[in-house]
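The structure appears right after this line, and notes come after that.
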Amino acid sequence: MALFNKVLASVGIGAAKVDTKLHSGAVYPGSKLEGIVEVRGGKIDQEIDDIYLKVQTSYETEKDDHKYSVNGEVARFRLAEPFIIKANEAKDIPFAFNLPLDTPVTIGKSRVWVSTELDIKKAFDPSDNDSMKVAPNKLMESVLHSINDLGFRMREVECEEAPKWMRRRLPFVQEFEFVAVSGQFRGRLDELEVVFFLESDNAADLFLQVDRRARGLRGFLSEALSMDESTITIKVTSDDIPNMSSKLQSVISQYI
């Protein structure tokens, strides 16, 4: 019977199971994520080589003029040294780690989840996926609210493969796309795209791509030649929060 159970466990029947429970509700980039990994033994003793937690998201990439979604790894954490989980044993492993500053926020199409994987020698490797809510930090919120105050409406938020000149640690960036629906930029800009590169809770580089609306023959020619777009890089800090709207307005106004 023991041999039969071992064979079944090798294909996942009666094997150890894993369930991750996140203690944190909403987190934000750079904040601490806490929880517990529950490992429950199956019908036989099994050797656990590793337990990994992976923070993952999906992003759009393009190949041969076709767009498709792939999973991207934001962070990976090893939780335990090798151990034996005995038959029917319950073992709880707490964890706490800081999310990377470039973790996407879960707005629009963007999703983030924690994937837990057990590496079991000569057996089926159980796993568990848990969605999580990642909110903008205070500096990001200030930028997003200020853009809204300037008459822009958020149209889309998604992670996309980054061009090589724009890449940092990850092969993708999270892009916030806005359209002007009121105020001085309505009718003058097609869209505004924003990418955050957080340096800390209190500082970030902003990439702003201003897409001007074509006006007249020169405007249409510029649009056809992709000359109607300007990419701006500015630094914002927590000191800018009280006057964030006026700072962004001043920068964007130079490119309309």
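Letters A, B, ... go to the chains of the structure tokens in the order shown; residues in each chain start at 1; ligands are counted from 1 in the same order.
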Could you list, as an mmCIF file with all heavy atoms, in the first residue's frame, every residue within 7 Å of Val210 (chain A), counting only C-alpha atoms and ignoring same-chain residues fewer than 4 positions away?
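File written: out-v3.cif
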```cif
data_model
loop_
_atom_site.group_PDB
_atom_site.id
_atom_site.type_symbol
_atom_site.label_atom_id
_atom_site.label_comp_id
_atom_site.auth_asym_id
_atom_site.auth_seq_id
_atom_site.Cartn_x
_atom_site.Cartn_y
_atom_site.Cartn_z
ATOM 1 N N GLU A 191 -3.729 62.311 -26.604
ATOM 2 C CA GLU A 191 -3.621 61.503 -25.386
ATOM 3 C C GLU A 191 -2.360 61.884 -24.624
ATOM 4 O O GLU A 191 -1.438 62.512 -25.155
ATOM 5 C CB GLU A 191 -3.614 60.003 -25.711
ATOM 6 C CG GLU A 191 -2.452 59.550 -26.564
ATOM 7 C CD GLU A 191 -2.545 58.074 -26.943
ATOM 8 O OE1 GLU A 191 -3.636 57.493 -26.834
ATOM 9 O OE2 GLU A 191 -1.508 57.523 -27.351
ATOM 10 N N LEU A 192 -2.352 61.464 -23.374
ATOM 11 C CA LEU A 192 -1.199 61.634 -22.508
ATOM 12 C C LEU A 192 -0.893 60.272 -21.896
ATOM 13 O O LEU A 192 -1.775 59.633 -21.319
ATOM 14 C CB LEU A 192 -1.490 62.651 -21.406
ATOM 15 C CG LEU A 192 -0.418 62.825 -20.312
ATOM 16 C CD1 LEU A 192 0.832 63.467 -20.896
ATOM 17 C CD2 LEU A 192 -0.965 63.642 -19.149
ATOM 18 N N GLU A 193 0.353 59.821 -22.044
ATOM 19 C CA GLU A 193 0.754 58.535 -21.478
ATOM 20 C C GLU A 193 1.785 58.773 -20.378
ATOM 21 O O GLU A 193 2.703 59.581 -20.547
ATOM 22 C CB GLU A 193 1.320 57.622 -22.562
ATOM 23 C CG GLU A 193 0.283 57.255 -23.622
ATOM 24 C CD GLU A 193 0.867 56.469 -24.778
ATOM 25 O OE1 GLU A 193 2.106 56.276 -24.784
ATOM 26 O OE2 GLU A 193 0.105 56.064 -25.668
ATOM 27 N N GLU A 229 4.527 63.582 -31.334
ATOM 28 C CA GLU A 229 4.686 63.055 -29.982
ATOM 29 C C GLU A 229 5.961 63.595 -29.341
ATOM 30 O O GLU A 229 7.008 63.654 -29.978
ATOM 31 C CB GLU A 229 4.719 61.523 -29.992
ATOM 32 C CG GLU A 229 3.415 60.886 -30.454
ATOM 33 C CD GLU A 229 3.497 59.372 -30.467
ATOM 34 O OE1 GLU A 229 4.614 58.841 -30.267
ATOM 35 O OE2 GLU A 229 2.462 58.714 -30.659
ATOM 36 N N SER A 230 5.854 63.978 -28.101
ATOM 37 C CA SER A 230 7.021 64.428 -27.343
ATOM 38 C C SER A 230 7.122 63.602 -26.078
ATOM 39 O O SER A 230 6.125 63.376 -25.385
ATOM 40 C CB SER A 230 6.895 65.912 -26.972
ATOM 41 O OG SER A 230 6.858 66.720 -28.141
ATOM 42 N N THR A 231 8.320 63.135 -25.768
ATOM 43 C CA THR A 231 8.549 62.372 -24.550
ATOM 44 C C THR A 231 9.343 63.225 -23.576
ATOM 45 O O THR A 231 10.401 63.758 -23.908
ATOM 46 C CB THR A 231 9.316 61.064 -24.852
ATOM 47 O OG1 THR A 231 8.554 60.280 -25.767
ATOM 48 C CG2 THR A 231 9.535 60.266 -23.579
#
```
Per DSSP on the backbone, what are the strand (DSSP E or B) residues of region 13-102 of chain A, as a VMD selection string? chain A and resid 17 to 22 26 to 27 32 to 40 46 to 63 66 to 80 83 to 85 90 to 98
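Shortest atom-to-atom contact with Met244 (chain A) among A:Ile147, A:Leu53, A:Ala135, A:Leu189: A:Ile147, counting only C-alpha atoms.
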- Message: Counting only C-alpha atoms, which residue out of A:Val74, A:Ile85, A:Ile256, A:Val143 sits closest to Asp190 (chain A)?
- Response: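 When distances to Asp190 (chain A) are compared using only C-alpha atoms, the smallest one comes from A:Ile256.
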ask   = What does the distance between CA of Asn88 (chain A) and CA of Gly42 (chain A) come to in Å, to one decimal place?
value =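 So the answer is 5.4 Å.
You can rank A:Lys21, A:Lys109, A:Asp49, A:Asp128 by their closest distance to Ile84 (chain A) using only C-alpha atoms, and at the top of that list sits A:Asp49.
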If you take only C-alpha atoms and a cut-off of 10 Å, which residues of region 102-135 of chain A touch region 22-26 of chain A, and what are their nearest atom pairs and distances in Å to one decimal, in chain and number order, as CSV?
```
residue,atom,partner,partner_atom,distance
A:Thr106,CA,A:Ala26,CA,9.8
A:Val114,CA,A:Leu22,CA,9.1
A:Asp130,CA,A:Leu22,CA,8.0
A:Ser131,CA,A:Leu22,CA,9.3
A:Met132,CA,A:Ala26,CA,7.3
A:Lys133,CA,A:Ala26,CA,5.0
A:Val134,CA,A:Ala26,CA,5.7
A:Ala135,CA,A:Ala26,CA,6.3
```
Keeping N, CA, C and O atoms for every residue in the selection just given, could you write it to a file as a short mmCIF file (atom, residue, chain, number, x, y, z; two decimals), in the first residue's frame?
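The resulting again13.cif:
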```cif
data_model
loop_
_atom_site.label_atom_id
_atom_site.label_comp_id
_atom_site.auth_asym_id
_atom_site.auth_seq_id
_atom_site.Cartn_x
_atom_site.Cartn_y
_atom_site.Cartn_z
N THR A 106 -2.75 47.54 -9.33
CA THR A 106 -3.84 46.78 -9.94
C THR A 106 -4.99 47.71 -10.31
O THR A 106 -6.04 47.75 -9.67
N VAL A 114 0.33 36.35 -6.32
CA VAL A 114 1.42 35.62 -5.69
C VAL A 114 1.26 34.15 -6.04
O VAL A 114 0.21 33.55 -5.80
N ASP A 130 -2.65 33.37 -5.73
CA ASP A 130 -3.50 34.26 -4.94
C ASP A 130 -3.42 35.67 -5.49
O ASP A 130 -2.34 36.29 -5.48
N SER A 131 -4.55 36.19 -5.95
CA SER A 131 -4.58 37.57 -6.45
C SER A 131 -4.38 38.54 -5.30
O SER A 131 -4.76 38.27 -4.16
N MET A 132 -3.80 39.67 -5.61
CA MET A 132 -3.58 40.69 -4.59
C MET A 132 -3.90 42.07 -5.16
O MET A 132 -3.85 42.29 -6.37
N LYS A 133 -4.26 42.97 -4.26
CA LYS A 133 -4.57 44.34 -4.66
C LYS A 133 -3.37 45.22 -4.33
O LYS A 133 -2.94 45.29 -3.18
N VAL A 134 -2.84 45.88 -5.35
CA VAL A 134 -1.72 46.80 -5.17
C VAL A 134 -2.20 48.21 -5.51
O VAL A 134 -2.58 48.49 -6.65
N ALA A 135 -2.23 49.07 -4.52
CA ALA A 135 -2.72 50.43 -4.70
C ALA A 135 -1.56 51.38 -4.96
O ALA A 135 -0.42 51.11 -4.56
#
```
Item checked: Nearest-residue call for Val179 (chain A), choices A:Phe152, A:Phe83, A:Phe77, A:Trp113, using only C-alpha atoms ->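 The shortest atom-to-atom distance to Val179 (chain A) comes from A:Phe152.
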### Query
Which of these residues is nearest to Pro29 (chain A), using only C-alpha atoms: A:Pro242, A:Gly41, A:Pro94, A:Pro100?
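Closest residue, counting only C-alpha atoms: A:Pro100.
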* To do: Identify all residues of region 137-226 of chain A in alpha helix (DSSP H) (DSSP on the backbone) and supply them as a list in words.
  => Lys138, Leu139, Met140, Glu141, Ser142, Val143, Leu144, His145, Ser146, Ile147, Asn148, Asp149, Gly216, Leu217, Arg218, Gly219, Phe220, Leu221, Ser222, Glu223 and Ala224 of chain A
>> Just the number, please: distance in Å from CA of Val105 (chain A) to CA of Tyr68 (chain A), one decimal.
In response: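 If I compute the distance from CA of Val105 (chain A) to CA of Tyr68 (chain A), I get 20.4 Å.
With distances restricted to only C-alpha atoms, A:Glu161 is the closest residue to Lys63 (chain A) from A:Glu161, A:Glu117, A:Glu156, A:Glu81.
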Give me the residues near Lys247 (chain A) as a ChimeraX atom specification, where near means some atom within 12 Å (using only C-alpha atoms) and where sequence neighbours in that chain fewer than 2 positions away do not count. /A:142-143,146-147,150,234-237,239-245,249-254
